[in-house]
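Colleague: Compact mmCIF, C-alpha atoms, file coords-v7.txt:
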# COMPACT_ATOMS: atom_id res chain seq x y z
CA MET A 1 106.29 162.59 120.47
CA THR A 2 106.76 166.32 119.77
CA PRO A 3 103.89 168.44 118.42
CA SER A 4 105.60 168.71 115.02
CA HIS A 5 105.93 164.93 114.88
CA ARG A 6 102.30 164.60 115.70
CA GLY A 7 101.50 167.11 112.97
CA LEU A 8 103.49 165.12 110.42
CA LEU A 9 101.84 161.91 111.42
CA LEU A 10 98.45 163.57 111.28
CA SER A 11 99.01 164.96 107.79
CA ALA A 12 100.33 161.61 106.58
CA THR A 13 97.30 159.87 108.01
CA LEU A 14 95.11 162.52 106.49
CA ALA A 15 96.76 162.04 103.09
CA THR A 16 96.19 158.29 103.32
CA PHE A 17 92.61 158.94 104.22
CA LEU A 18 92.13 161.39 101.39
CA VAL A 19 93.57 159.05 98.79
CA SER A 20 91.75 155.98 99.97
CA ALA A 21 88.38 157.68 100.56
CA ALA A 22 86.47 157.52 97.33
CA GLY A 23 84.89 160.78 96.28
CA SER A 24 86.75 162.78 98.90
CA GLY A 25 87.51 165.42 96.30
CA TYR A 26 91.31 165.16 96.59
CA ALA A 27 93.87 162.86 95.06
CA GLN A 28 97.65 162.46 95.05
CA ARG A 29 99.60 163.67 92.07
CA VAL A 30 103.27 162.89 91.53
CA SER A 31 105.47 165.98 91.53
CA ALA A 32 108.92 164.38 91.60
CA VAL A 33 110.54 160.96 91.49
CA GLU A 34 113.02 160.11 94.27
CA LEU A 35 115.57 158.03 92.40
CA ASP A 36 117.76 157.43 95.46
CA LYS A 37 114.82 155.73 97.17
CA SER A 38 113.77 153.76 94.09
CA THR A 39 114.94 150.29 93.10
CA ILE A 40 114.78 148.11 90.02
CA THR A 41 115.70 144.52 90.79
CA PHE A 42 115.35 141.19 89.05
CA VAL A 43 115.25 137.54 90.00
CA SER A 44 116.66 134.98 87.61
CA LYS A 45 116.68 131.24 88.20
CA GLN A 46 119.97 129.41 87.86
CA MET A 47 119.57 125.63 88.14
CA ASN A 48 116.21 126.47 89.73
CA VAL A 49 117.93 128.63 92.36
CA PRO A 50 116.40 132.12 92.53
CA VAL A 51 119.18 134.72 92.40
CA GLU A 52 118.50 138.41 92.90
CA GLY A 53 120.28 141.23 91.10
CA LYS A 54 119.79 144.95 90.68
CA PHE A 55 120.46 147.95 88.49
CA GLY A 56 122.38 150.83 90.03
CA ARG A 57 121.58 153.60 87.55
CA PHE A 58 118.30 154.46 85.85
CA THR A 59 116.10 157.46 85.25
CA VAL A 60 112.33 157.62 85.55
CA GLN A 61 110.05 160.23 84.02
CA LEU A 62 106.68 159.88 85.55
CA ALA A 63 103.32 161.61 85.44
CA PHE A 64 100.60 160.13 87.60
CA ASP A 65 97.48 161.56 89.10
CA ALA A 66 95.46 159.16 91.23
CA ALA A 67 92.31 160.99 90.13
CA LYS A 68 93.06 160.33 86.45
CA PRO A 69 95.13 157.15 86.35
CA ASN A 70 94.34 156.60 82.68
CA GLU A 71 96.42 159.64 81.83
CA GLY A 72 99.45 158.27 83.66
CA ARG A 73 102.68 158.05 81.71
CA VAL A 74 106.08 156.66 82.51
CA GLN A 75 109.39 156.31 80.72
CA VAL A 76 112.30 154.43 82.24
CA GLU A 77 115.84 154.49 80.93
CA LEU A 78 118.07 151.81 82.40
CA ASP A 79 121.87 151.94 82.30
CA LEU A 80 122.67 148.28 81.61
CA SER A 81 126.33 148.58 82.59
CA SER A 82 125.16 149.35 86.14
CA ILE A 83 123.92 145.78 86.52
CA ASP A 84 124.85 143.99 89.73
CA THR A 85 124.23 140.25 89.63
CA GLY A 86 125.88 139.64 92.98
CA SER A 87 129.19 138.36 91.59
CA GLU A 88 132.01 140.13 89.73
CA GLU A 89 132.44 137.22 87.36
CA ALA A 90 128.78 137.26 86.33
CA ASN A 91 128.75 141.09 86.06
CA ASP A 92 131.56 140.94 83.51
CA GLU A 93 129.90 138.07 81.67
CA VAL A 94 126.45 139.63 81.27
CA LYS A 95 127.83 142.89 79.89
CA GLY A 96 129.38 140.92 77.03
CA LYS A 97 128.11 140.31 73.49
CA GLY A 98 126.13 137.14 74.25
CA TRP A 99 124.13 138.80 77.01
CA PHE A 100 123.31 142.54 77.08
CA ASP A 101 126.13 143.63 74.74
CA VAL A 102 126.32 146.95 76.59
CA LYS A 103 128.91 148.38 74.16
CA THR A 104 126.36 148.32 71.33
CA TYR A 105 123.22 148.69 73.46
CA PRO A 106 124.14 150.67 76.56
CA SER A 107 120.60 151.13 77.82
CA ALA A 108 117.20 149.53 78.02
CA ARG A 109 114.05 151.58 77.74
CA PHE A 110 110.46 151.20 78.81
CA VAL A 111 107.78 153.53 77.43
CA SER A 112 104.26 153.19 78.75
CA SER A 113 101.25 153.11 76.47
CA THR A 114 98.33 152.69 78.88
CA VAL A 115 97.59 152.70 82.58
CA LYS A 116 94.29 151.40 83.89
CA SER A 117 92.85 151.05 87.33
CA LEU A 118 92.19 147.58 88.74
CA GLY A 119 90.55 149.02 91.84
CA SER A 120 91.66 149.40 95.48
CA GLY A 121 94.97 151.08 94.74
CA ARG A 122 96.02 148.59 92.10
CA TYR A 123 96.71 149.45 88.49
CA GLU A 124 97.91 147.84 85.33
CA LEU A 125 100.67 149.36 83.27
CA ALA A 126 101.25 148.36 79.65
CA GLY A 127 104.02 149.53 77.38
CA LYS A 128 106.96 148.68 75.21
CA LEU A 129 110.23 147.41 76.58
CA THR A 130 113.32 147.68 74.42
CA ILE A 131 116.45 145.73 75.28
CA LYS A 132 119.32 144.96 72.93
CA GLY A 133 117.48 146.53 70.00
CA ARG A 134 114.43 144.31 70.43
CA THR A 135 111.06 145.72 71.45
CA LYS A 136 108.29 143.71 73.10
CA ASP A 137 105.00 144.49 74.77
CA VAL A 138 105.02 144.26 78.54
CA VAL A 139 102.15 144.34 81.02
CA ALA A 140 102.91 144.99 84.67
CA PRO A 141 100.41 145.25 87.51
CA PHE A 142 101.46 147.67 90.22
CA ALA A 143 100.25 149.09 93.50
CA PHE A 144 100.18 152.79 94.28
CA LYS A 145 100.71 153.24 98.00
CA PRO A 146 100.78 156.52 99.89
CA ALA A 147 103.94 156.66 102.01
CA GLY A 148 104.84 159.61 104.20
CA GLN A 149 104.85 162.81 102.16
CA GLY A 150 104.70 160.89 98.90
CA ALA A 151 103.83 157.58 97.41
CA VAL A 152 105.40 154.37 96.20
CA PHE A 153 104.74 152.54 92.96
CA GLU A 154 105.43 148.87 93.47
CA GLY A 155 105.04 146.16 90.89
CA ALA A 156 106.59 143.29 88.99
CA PHE A 157 106.39 141.48 85.71
CA VAL A 158 108.01 138.49 84.09
CA LEU A 159 110.00 138.79 80.88
CA LYS A 160 111.42 136.03 78.74
CA ARG A 161 115.10 136.76 78.33
CA LEU A 162 115.33 134.95 74.99
CA ASP A 163 112.75 137.37 73.51
CA TYR A 164 115.54 139.93 73.79
CA ALA A 165 118.43 137.55 72.97
CA ILE A 166 119.78 137.96 76.51
CA GLY A 167 122.06 134.95 76.82
CA GLU A 168 122.93 133.62 73.39
CA GLY A 169 124.83 130.52 72.25
CA ALA A 170 125.45 128.04 75.07
CA TRP A 171 123.56 130.36 77.42
CA SER A 172 120.32 129.99 75.48
CA ASP A 173 119.96 126.67 77.33
CA THR A 174 117.05 127.40 79.68
CA ASP A 175 117.73 124.34 81.87
CA THR A 176 120.63 126.18 83.51
CA VAL A 177 119.38 129.77 83.36
CA ALA A 178 115.58 129.91 83.09
CA ASN A 179 113.97 131.89 80.30
CA GLU A 180 111.65 133.67 82.74
CA VAL A 181 113.16 136.56 84.67
CA GLN A 182 111.10 138.44 87.19
CA VAL A 183 111.61 142.20 87.16
CA LYS A 184 110.56 144.11 90.27
CA PHE A 185 110.29 147.85 90.60
CA ARG A 186 109.74 150.13 93.54
CA ILE A 187 109.58 153.78 92.53
CA SER A 188 109.35 156.36 95.25
CA ALA A 189 107.83 159.74 94.46
CA VAL A 190 106.97 163.03 96.14
CA THR A 191 103.32 163.90 95.66
CA GLY A 192 101.04 166.85 96.08
CA MET A 193 97.33 166.88 96.76
CA VAL A 194 95.09 168.05 93.96
CA LYS A 195 91.36 168.62 93.73
CA LYS A 196 89.63 165.99 91.65
CA MET B 1 136.57 112.83 97.31
CA VAL B 2 134.39 113.33 94.25
CA SER B 3 133.02 116.50 95.77
CA VAL B 4 136.47 117.89 96.59
CA THR B 5 137.74 117.11 93.09
CA LEU B 6 134.63 118.66 91.56
CA GLY B 7 135.06 121.69 93.79
CA ILE B 8 138.68 122.24 92.79
CA TYR B 9 137.83 121.77 89.10
CA MET B 10 134.72 123.95 88.90
CA VAL B 11 136.20 126.96 90.68
CA GLY B 12 138.84 127.30 87.96
CA LEU B 13 136.32 127.18 85.11
CA LYS B 14 135.30 130.22 83.10
CA LEU B 15 131.67 131.11 83.70
CA SER B 16 129.51 128.84 81.52
CA PRO B 17 126.31 126.81 81.79
CA LEU B 18 128.53 123.83 82.66
CA LYS B 19 130.05 125.75 85.55
CA LEU B 20 126.60 126.58 86.93
CA ARG B 21 125.58 122.92 86.62
CA LEU B 22 128.74 121.73 88.38
CA TYR B 23 128.22 124.20 91.24
CA SER B 24 124.72 122.84 91.76
CA TRP B 25 125.87 119.22 91.59
CA HIS B 26 128.69 119.98 94.03
CA LYS B 27 126.14 121.45 96.46
CA TRP B 28 123.81 118.46 96.08
CA VAL B 29 126.69 116.02 96.74
CA GLY B 30 127.72 118.11 99.77
CA ILE B 31 124.23 118.13 101.28
CA THR B 32 123.95 114.37 100.63
CA ILE B 33 127.25 113.80 102.48
CA PHE B 34 126.00 115.99 105.31
CA LEU B 35 122.82 113.88 105.62
CA LEU B 36 124.68 110.56 105.36
CA VAL B 37 127.23 111.59 108.01
CA ALA B 38 124.44 112.80 110.30
CA ALA B 39 122.77 109.39 109.88
CA ARG B 40 126.12 107.68 110.48
CA LEU B 41 126.67 109.63 113.72
CA ILE B 42 123.20 108.69 114.95
CA TRP B 43 123.93 105.05 114.10
CA ARG B 44 127.24 105.23 115.92
CA ALA B 45 125.67 106.79 119.01
CA ALA B 46 123.02 104.05 119.09
CA ASN B 47 125.37 101.11 118.49
CA VAL B 48 128.54 99.94 120.20
CA PRO B 49 131.50 100.28 117.83
CA PRO B 50 133.74 97.20 117.44
CA PRO B 51 136.73 97.12 119.81
CA PRO B 52 139.93 98.76 118.54
CA ILE B 53 142.60 96.58 116.94
CA LEU B 54 145.58 96.23 119.22
CA GLY B 55 148.63 98.26 118.33
CA PRO B 56 151.08 100.79 119.77
CA PRO B 57 149.21 103.31 122.00
CA TRP B 58 150.19 106.32 119.80
CA GLN B 59 148.62 104.64 116.80
CA GLN B 60 145.42 103.93 118.72
CA VAL B 61 145.21 107.56 119.84
CA ALA B 62 146.02 108.78 116.32
CA ALA B 63 143.29 106.55 114.86
CA VAL B 64 140.65 107.85 117.29
CA VAL B 65 141.67 111.50 116.79
CA ASN B 66 141.71 111.12 112.99
CA HIS B 67 138.31 109.44 112.94
CA TRP B 68 136.66 112.16 115.00
CA LEU B 69 138.36 114.92 113.01
CA LEU B 70 136.98 113.33 109.85
CA TYR B 71 133.47 113.31 111.33
CA VAL B 72 133.80 116.96 112.40
CA LEU B 73 135.05 117.96 108.93
CA LEU B 74 132.39 115.93 107.12
CA ILE B 75 129.79 117.97 109.00
CA CYS B 76 131.57 121.34 108.94
CA ILE B 77 132.57 121.36 105.27
CA PRO B 78 129.05 121.01 103.84
CA LEU B 79 127.79 123.41 106.51
CA SER B 80 130.39 126.07 105.60
CA GLY B 81 129.48 125.58 101.94
CA TRP B 82 125.79 126.01 102.70
CA LEU B 83 126.53 129.15 104.77
CA MET B 84 128.73 130.46 101.95
CA SER B 85 125.94 129.91 99.41
CA SER B 86 123.53 131.85 101.61
CA ALA B 87 126.02 134.69 102.09
CA TYR B 88 126.63 134.96 98.34
CA GLY B 89 122.89 135.06 97.68
CA VAL B 90 122.93 131.88 95.58
CA GLY B 91 121.07 129.41 97.76
CA VAL B 92 120.79 125.66 97.53
CA VAL B 93 117.86 123.94 95.83
CA TYR B 94 118.50 120.27 96.60
CA PHE B 95 118.39 118.28 93.33
CA GLY B 96 116.79 121.36 91.78
CA VAL B 97 113.58 120.52 93.63
CA ILE B 98 113.81 121.18 97.39
CA PRO B 99 114.80 124.75 98.28
CA LEU B 100 116.90 124.76 101.46
CA PRO B 101 116.51 127.78 103.72
CA ASP B 102 119.21 130.46 103.67
CA LEU B 103 121.10 130.14 106.94
CA ILE B 104 122.33 133.74 106.92
CA GLY B 105 121.60 136.95 105.01
CA LYS B 106 123.42 138.19 101.91
CA ASN B 107 126.88 139.48 102.85
CA LYS B 108 129.70 139.28 100.30
CA GLU B 109 132.57 139.84 102.77
CA LEU B 110 131.27 137.08 105.03
CA GLY B 111 130.86 134.92 101.92
CA ASP B 112 134.54 135.41 101.05
CA THR B 113 135.55 134.43 104.60
CA LEU B 114 133.36 131.33 104.50
CA LYS B 115 134.78 130.42 101.09
CA ALA B 116 138.33 130.54 102.50
CA LEU B 117 137.18 128.44 105.48
CA HIS B 118 135.37 125.93 103.22
CA GLU B 119 138.53 125.49 101.11
CA THR B 120 140.91 125.22 104.07
CA LEU B 121 138.69 122.62 105.76
CA ALA B 122 138.41 120.66 102.50
CA PHE B 123 142.19 120.54 102.00
CA THR B 124 142.65 119.57 105.66
CA MET B 125 140.22 116.72 105.13
CA LEU B 126 142.08 115.66 102.00
CA ALA B 127 145.24 115.32 104.13
CA LEU B 128 143.45 113.40 106.90
CA VAL B 129 141.77 111.07 104.40
CA THR B 130 145.21 110.33 102.97
CA VAL B 131 146.51 109.48 106.46
CA HIS B 132 143.41 107.31 107.06
CA ALA B 133 143.86 105.43 103.77
CA VAL B 134 147.63 104.97 104.17
CA ALA B 135 147.08 103.67 107.72
CA ALA B 136 144.41 101.23 106.50
CA LEU B 137 146.73 99.96 103.75
CA LYS B 138 149.55 99.63 106.25
CA HIS B 139 147.31 97.41 108.41
CA HIS B 140 146.27 95.38 105.39
CA LEU B 141 149.59 94.98 103.62
CA LEU B 142 152.17 95.10 106.42
CA ASP B 143 150.37 94.06 109.61
CA ARG B 144 148.03 91.77 107.67
CA ASP B 145 145.23 92.24 110.18
CA ALA B 146 141.48 92.60 109.70
CA VAL B 147 141.24 96.42 109.80
CA LEU B 148 140.53 96.93 106.10
CA HIS B 149 138.24 93.89 106.09
CA ARG B 150 136.22 95.58 108.86
CA MET B 151 135.75 98.70 106.73
CA LEU B 152 135.32 96.88 103.41
CA PRO B 153 133.86 93.42 104.11
CA LEU B 154 134.61 92.30 100.54
CA VAL B 155 138.34 92.72 101.15
CA ARG B 156 139.64 89.58 102.88
CA PRO B 157 142.57 89.84 105.30
CA ARG B 158 145.79 88.67 103.67
CA ALA B 159 147.27 85.41 104.88
CA ARG B 160 150.27 85.86 107.15
CA LYS B 161 153.64 84.81 105.82
CA GLN B 162 154.97 81.65 107.44
Let me see the structure of the file written as structure tokens.
Modeller:
Amino acid sequence: MTPSHRGLLLSATLATFLVSAAGSGYAQRVSAVELDKSTITFVSKQMNVPVEGKFGRFTVQLAFDAAKPNEGRVQVELDLSSIDTGSEEANDEVKGKGWFDVKTYPSARFVSSTVKSLGSGRYELAGKLTIKGRTKDVVAPFAFKPAGQGAVFEGAFVLKRLDYAIGEGAWSDTDTVANEVQVKFRISAVTGMVKK
Amino acid sequence: MVSVTLGIYMVGLKLSPLKLRLYSWHKWVGITIFLLVAARLIWRAANVPPPPILGPPWQQVAAVVNHWLLYVLLICIPLSGWLMSSAYGVGVVYFGVIPLPDLIGKNKELGDTLKALHETLAFTMLALVTVHAVAALKHHLLDRDAVLHRMLPLVRPRARKQ
């Protein structure tokens, strides 16, 4: 291990310590989101078989200060045509009218309303999720974990696809494709240390 | 046979809830065959099979080879299907209740290869089953021996012409 490596490790450890130690006087504040290291994935159940998919393109505007979590804000814009269900056939299908209808509704949007601390690095995010012109309230618990020179927001929530008319007609049959879809997010961010 | 027919039919369907159901049923039938054949092989290993029916040596060899190829295929076809499902990231939940473990990680290219293998093996089996059935009918209708009766006890050997 070179001295510079040791220095990095030390500062990372120090950052972890500073964030986790209550009343230390310093907290992490997000300065930039690293989209290339962030993922938004989902798990749907087809005939009770969990199948994972992901979105290739999205943008995240994020303000978060671990010292003042209640002031945290986030807005996510998701390019629905970047969906990858794992099969070409399904990708074509879900972009169509009966599913996301990406021609009319190219993107989905999440806008946060509140963030509250649940203690020990866990938080609860509430906001409005709009897909296919329909807006519903969503609550998602997430963890804020220091990682290297930044931090990772990791969480998940379950949405009901029929609330947003995702899968109409024959596809509204929830015996084949379940109504519940789990959405998982992992947002990586660069942070700076700020005095509390 | 049902599974092969279902497989050929479902692959050509446009994506629909029915197609998803058929894929699952096809997988359940396949896993059931796999389990039954495994049980059959254990039974065969533990019991002495009846002696072969006399006939020309090439036919006896052909019968033995065909039987063992059928066993190999009846194990390998479901297995390749299971592997393919794992590679495509759409696993098997037996009867919609028991999740079977993924045998390999998600890998689309490998999935395509396994799909080609699964299909080739299935069509090979179709050919061998045809040979097996034609041979059994030949024994029953032309040789009028007890071969078919041995496989299907309800079918009585035909009386020999005088």
Colleague: Counting only C-alpha atoms, which residues of chain A come no farther than 10 Å from chain B, as a ChimeraX atom specification?
Modeller: /A:45-53,85-87,89-90,92-93,170-177
Colleague: Using all atoms listed in the file, which protein or nucleic acid residues come within 8 Å of Glu77 of chain A? Drop anything in the same chain fewer than 6 positions from it, and give the result as a PyMOL selection string.
Modeller: chain A and resi 58-60+107-110
Colleague: Expressed in Å to a single decimal, how great is the separation between atom CA of Gln61 of chain A and atom CA of Arg161 of chain A?
Modeller: 24.7 Å
Colleague: Find the distance between atom CA of Ala143 of chain A and atom CA of Ile166 of chain A and write it in Å to one decimal.
Modeller: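 The value is 28.2 Å.
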Colleague: Could you check how far atom CA of Leu36 of chain B sits from atom CA of Ala63 of chain B, in Å to one decimal?
Modeller: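 Going from atom CA of Leu36 of chain B over to atom CA of Ala63 of chain B, I get 21.3 Å.
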Colleague: Show me the residues around (94.2, 171.4, 95.0) - criterion: an atom at most 12 Å away, all atoms listed in the file counted - as a PDB file with C-alpha atoms, in the coordinates of the input.
Modeller:
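Final file, selection15.pdb:
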ATOM      1  CA  GLY A  25      87.510 165.420  96.300  1.00  0.00           C
ATOM      2  CA  TYR A  26      91.310 165.160  96.590  1.00  0.00           C
ATOM      3  CA  ALA A  27      93.870 162.860  95.060  1.00  0.00           C
ATOM      4  CA  GLN A  28      97.650 162.460  95.050  1.00  0.00           C
ATOM      5  CA  ARG A  29      99.600 163.670  92.070  1.00  0.00           C
ATOM      6  CA  ASP A  65      97.480 161.560  89.100  1.00  0.00           C
ATOM      7  CA  ALA A  67      92.310 160.990  90.130  1.00  0.00           C
ATOM      8  CA  THR A 191     103.320 163.900  95.660  1.00  0.00           C
ATOM      9  CA  GLY A 192     101.040 166.850  96.080  1.00  0.00           C
ATOM     10  CA  MET A 193      97.330 166.880  96.760  1.00  0.00           C
ATOM     11  CA  VAL A 194      95.090 168.050  93.960  1.00  0.00           C
ATOM     12  CA  LYS A 195      91.360 168.620  93.730  1.00  0.00           C
ATOM     13  CA  LYS A 196      89.630 165.990  91.650  1.00  0.00           C
TER      14      LYS A 196
END
Colleague: Tell me, as a list in words, which residues lie within 12 Å of Met1 of chain B, counting all atoms listed in the file; anything in the same chain fewer than 2 positions away does not count.
Modeller: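 Within the cut-off, the hits are Ser3, Val4, Thr5, Leu6, Gly7, Ile8, His26, Val29, Gly30, Ile33, Leu74, Ala122, Phe123, Met125, Leu126, Ala127, Leu128, Val129 and Thr130 of chain B.
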Colleague: For those residues, write C-alpha atoms to a file as a PDB file, in the frame of the given file.
Modeller:
ATOM      1  CA  SER B   3     133.020 116.500  95.770  1.00  0.00           C
ATOM      2  CA  VAL B   4     136.470 117.890  96.590  1.00  0.00           C
ATOM      3  CA  THR B   5     137.740 117.110  93.090  1.00  0.00           C
ATOM      4  CA  LEU B   6     134.630 118.660  91.560  1.00  0.00           C
ATOM      5  CA  GLY B   7     135.060 121.690  93.790  1.00  0.00           C
ATOM      6  CA  ILE B   8     138.680 122.240  92.790  1.00  0.00           C
ATOM      7  CA  HIS B  26     128.690 119.980  94.030  1.00  0.00           C
ATOM      8  CA  VAL B  29     126.690 116.020  96.740  1.00  0.00           C
ATOM      9  CA  GLY B  30     127.720 118.110  99.770  1.00  0.00           C
ATOM     10  CA  ILE B  33     127.250 113.800 102.480  1.00  0.00           C
ATOM     11  CA  LEU B  74     132.390 115.930 107.120  1.00  0.00           C
ATOM     12  CA  ALA B 122     138.410 120.660 102.500  1.00  0.00           C
ATOM     13  CA  PHE B 123     142.190 120.540 102.000  1.00  0.00           C
ATOM     14  CA  MET B 125     140.220 116.720 105.130  1.00  0.00           C
ATOM     15  CA  LEU B 126     142.080 115.660 102.000  1.00  0.00           C
ATOM     16  CA  ALA B 127     145.240 115.320 104.130  1.00  0.00           C
ATOM     17  CA  LEU B 128     143.450 113.400 106.900  1.00  0.00           C
ATOM     18  CA  VAL B 129     141.770 111.070 104.400  1.00  0.00           C
ATOM     19  CA  THR B 130     145.210 110.330 102.970  1.00  0.00           C
TER      20      THR B 130
END
Colleague: Of the candidates A:Gly127, A:Gly98, A:Pro69, A:Pro106, which one gets nearest to Phe157 of chain A if we count only C-alpha atoms?
Modeller: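 The closest residue to Phe157 of chain A is A:Gly127.
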Colleague: Any chance you could work out the axis-aligned box around segment 133-144 of chain B, listed atoms only, 3 Å on each side, giving centre and edge lengths in Å to one decimal, as lines of an AutoDock Vina configuration file?
Modeller:
center_x = 148.0
center_y = 98.6
center_z = 106.6
size_x = 14.3
size_y = 19.7
size_z = 12.0
Colleague: Could you pull the residues within 9 Å of segment 45-56 of chain B, counting all atoms listed in the file, minus those fewer than 6 positions along the same chain, as a ChimeraX atom specification?
Modeller: /B:145-147
Colleague: Name all residues at most 12 Å from Lys128 of chain A (count all atoms listed in the file; drop same-chain ones fewer than 5 positions away) and give them as a list in words.
Modeller: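 The residues that qualify are Val74, Gln75, Val76, Ala108, Arg109, Phe110, Val111, Ser112, Ser113, Thr114, Gly133, Arg134, Thr135, Lys136, Asp137, Val138, Val139, Ala140 and Leu159 of chain A.
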Colleague: Excluding Val72 of chain B and any residue of its chain fewer than 4 positions from it, enumerate the residues within 12 Å of it, using all atoms listed in the file, and give them as a ChimeraX atom specification.
Modeller: /B:34,37-38,41,65-68,76-80,121-122,124-125,128
Colleague: Using all atoms listed in the file, find the one residue out of B:Thr113, B:Arg156, B:Leu148, B:Thr32 that sits nearest to Ala135 of chain B.
Modeller: B:Leu148
Colleague: Since the input lacks atoms, please generate N, CA and C atoms for segment 160-180 of chain A and provide them as a PDB file, in the coordinates of the input.
Modeller:
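After the write, rebuild.pdb holds the following:
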ATOM      1  N   LYS A 160     110.680 137.203  79.223  1.00  0.00           N
ATOM      2  CA  LYS A 160     111.420 136.030  78.740  1.00  0.00           C
ATOM      3  C   LYS A 160     112.710 136.556  78.133  1.00  0.00           C
ATOM      4  N   ARG A 161     113.821 136.180  78.738  1.00  0.00           N
ATOM      5  CA  ARG A 161     115.100 136.760  78.330  1.00  0.00           C
ATOM      6  C   ARG A 161     115.441 136.463  76.872  1.00  0.00           C
ATOM      7  N   LEU A 162     114.985 135.310  76.367  1.00  0.00           N
ATOM      8  CA  LEU A 162     115.330 134.950  74.990  1.00  0.00           C
ATOM      9  C   LEU A 162     114.568 135.795  73.957  1.00  0.00           C
ATOM     10  N   ASP A 163     113.457 136.424  74.398  1.00  0.00           N
ATOM     11  CA  ASP A 163     112.750 137.370  73.510  1.00  0.00           C
ATOM     12  C   ASP A 163     113.673 138.532  73.139  1.00  0.00           C
ATOM     13  N   TYR A 164     114.637 138.791  74.005  1.00  0.00           N
ATOM     14  CA  TYR A 164     115.540 139.930  73.790  1.00  0.00           C
ATOM     15  C   TYR A 164     116.970 139.448  73.489  1.00  0.00           C
ATOM     16  N   ALA A 165     117.113 138.154  73.237  1.00  0.00           N
ATOM     17  CA  ALA A 165     118.430 137.550  72.970  1.00  0.00           C
ATOM     18  C   ALA A 165     119.412 137.820  74.106  1.00  0.00           C
ATOM     19  N   ILE A 166     118.913 137.788  75.345  1.00  0.00           N
ATOM     20  CA  ILE A 166     119.780 137.960  76.510  1.00  0.00           C
ATOM     21  C   ILE A 166     120.271 136.563  76.906  1.00  0.00           C
ATOM     22  N   GLY A 167     121.526 136.280  76.593  1.00  0.00           N
ATOM     23  CA  GLY A 167     122.060 134.950  76.820  1.00  0.00           C
ATOM     24  C   GLY A 167     121.962 134.127  75.554  1.00  0.00           C
ATOM     25  N   GLU A 168     122.943 134.331  74.659  1.00  0.00           N
ATOM     26  CA  GLU A 168     122.930 133.620  73.390  1.00  0.00           C
ATOM     27  C   GLU A 168     123.881 132.423  73.437  1.00  0.00           C
ATOM     28  N   GLY A 169     123.913 131.654  72.355  1.00  0.00           N
ATOM     29  CA  GLY A 169     124.830 130.520  72.250  1.00  0.00           C
ATOM     30  C   GLY A 169     124.541 129.487  73.326  1.00  0.00           C
ATOM     31  N   ALA A 170     125.597 129.067  74.028  1.00  0.00           N
ATOM     32  CA  ALA A 170     125.450 128.040  75.070  1.00  0.00           C
ATOM     33  C   ALA A 170     124.479 128.496  76.159  1.00  0.00           C
ATOM     34  N   TRP A 171     124.415 129.828  76.350  1.00  0.00           N
ATOM     35  CA  TRP A 171     123.560 130.360  77.420  1.00  0.00           C
ATOM     36  C   TRP A 171     122.079 130.335  77.075  1.00  0.00           C
ATOM     37  N   SER A 172     121.743 130.023  75.814  1.00  0.00           N
ATOM     38  CA  SER A 172     120.320 129.990  75.480  1.00  0.00           C
ATOM     39  C   SER A 172     119.665 128.726  76.049  1.00  0.00           C
ATOM     40  N   ASP A 173     120.479 127.860  76.645  1.00  0.00           N
ATOM     41  CA  ASP A 173     119.960 126.670  77.330  1.00  0.00           C
ATOM     42  C   ASP A 173     119.198 127.113  78.581  1.00  0.00           C
ATOM     43  N   THR A 174     117.859 126.900  78.560  1.00  0.00           N
ATOM     44  CA  THR A 174     117.050 127.400  79.680  1.00  0.00           C
ATOM     45  C   THR A 174     117.005 126.428  80.857  1.00  0.00           C
ATOM     46  N   ASP A 175     117.660 125.254  80.725  1.00  0.00           N
ATOM     47  CA  ASP A 175     117.730 124.340  81.870  1.00  0.00           C
ATOM     48  C   ASP A 175     118.666 124.885  82.933  1.00  0.00           C
ATOM     49  N   THR A 176     119.710 125.600  82.517  1.00  0.00           N
ATOM     50  CA  THR A 176     120.630 126.180  83.510  1.00  0.00           C
ATOM     51  C   THR A 176     120.156 127.558  83.955  1.00  0.00           C
ATOM     52  N   VAL A 177     119.935 128.454  83.004  1.00  0.00           N
ATOM     53  CA  VAL A 177     119.380 129.770  83.360  1.00  0.00           C
ATOM     54  C   VAL A 177     117.990 129.852  82.725  1.00  0.00           C
ATOM     55  N   ALA A 178     116.967 129.926  83.571  1.00  0.00           N
ATOM     56  CA  ALA A 178     115.580 129.910  83.090  1.00  0.00           C
ATOM     57  C   ALA A 178     115.301 131.068  82.149  1.00  0.00           C
ATOM     58  N   ASN A 179     114.382 130.852  81.252  1.00  0.00           N
ATOM     59  CA  ASN A 179     113.970 131.890  80.300  1.00  0.00           C
ATOM     60  C   ASN A 179     113.256 133.030  81.040  1.00  0.00           C
ATOM     61  N   GLU A 180     112.437 132.672  82.019  1.00  0.00           N
ATOM     62  CA  GLU A 180     111.650 133.670  82.740  1.00  0.00           C
ATOM     63  C   GLU A 180     112.511 134.412  83.756  1.00  0.00           C
TER      64      GLU A 180
END
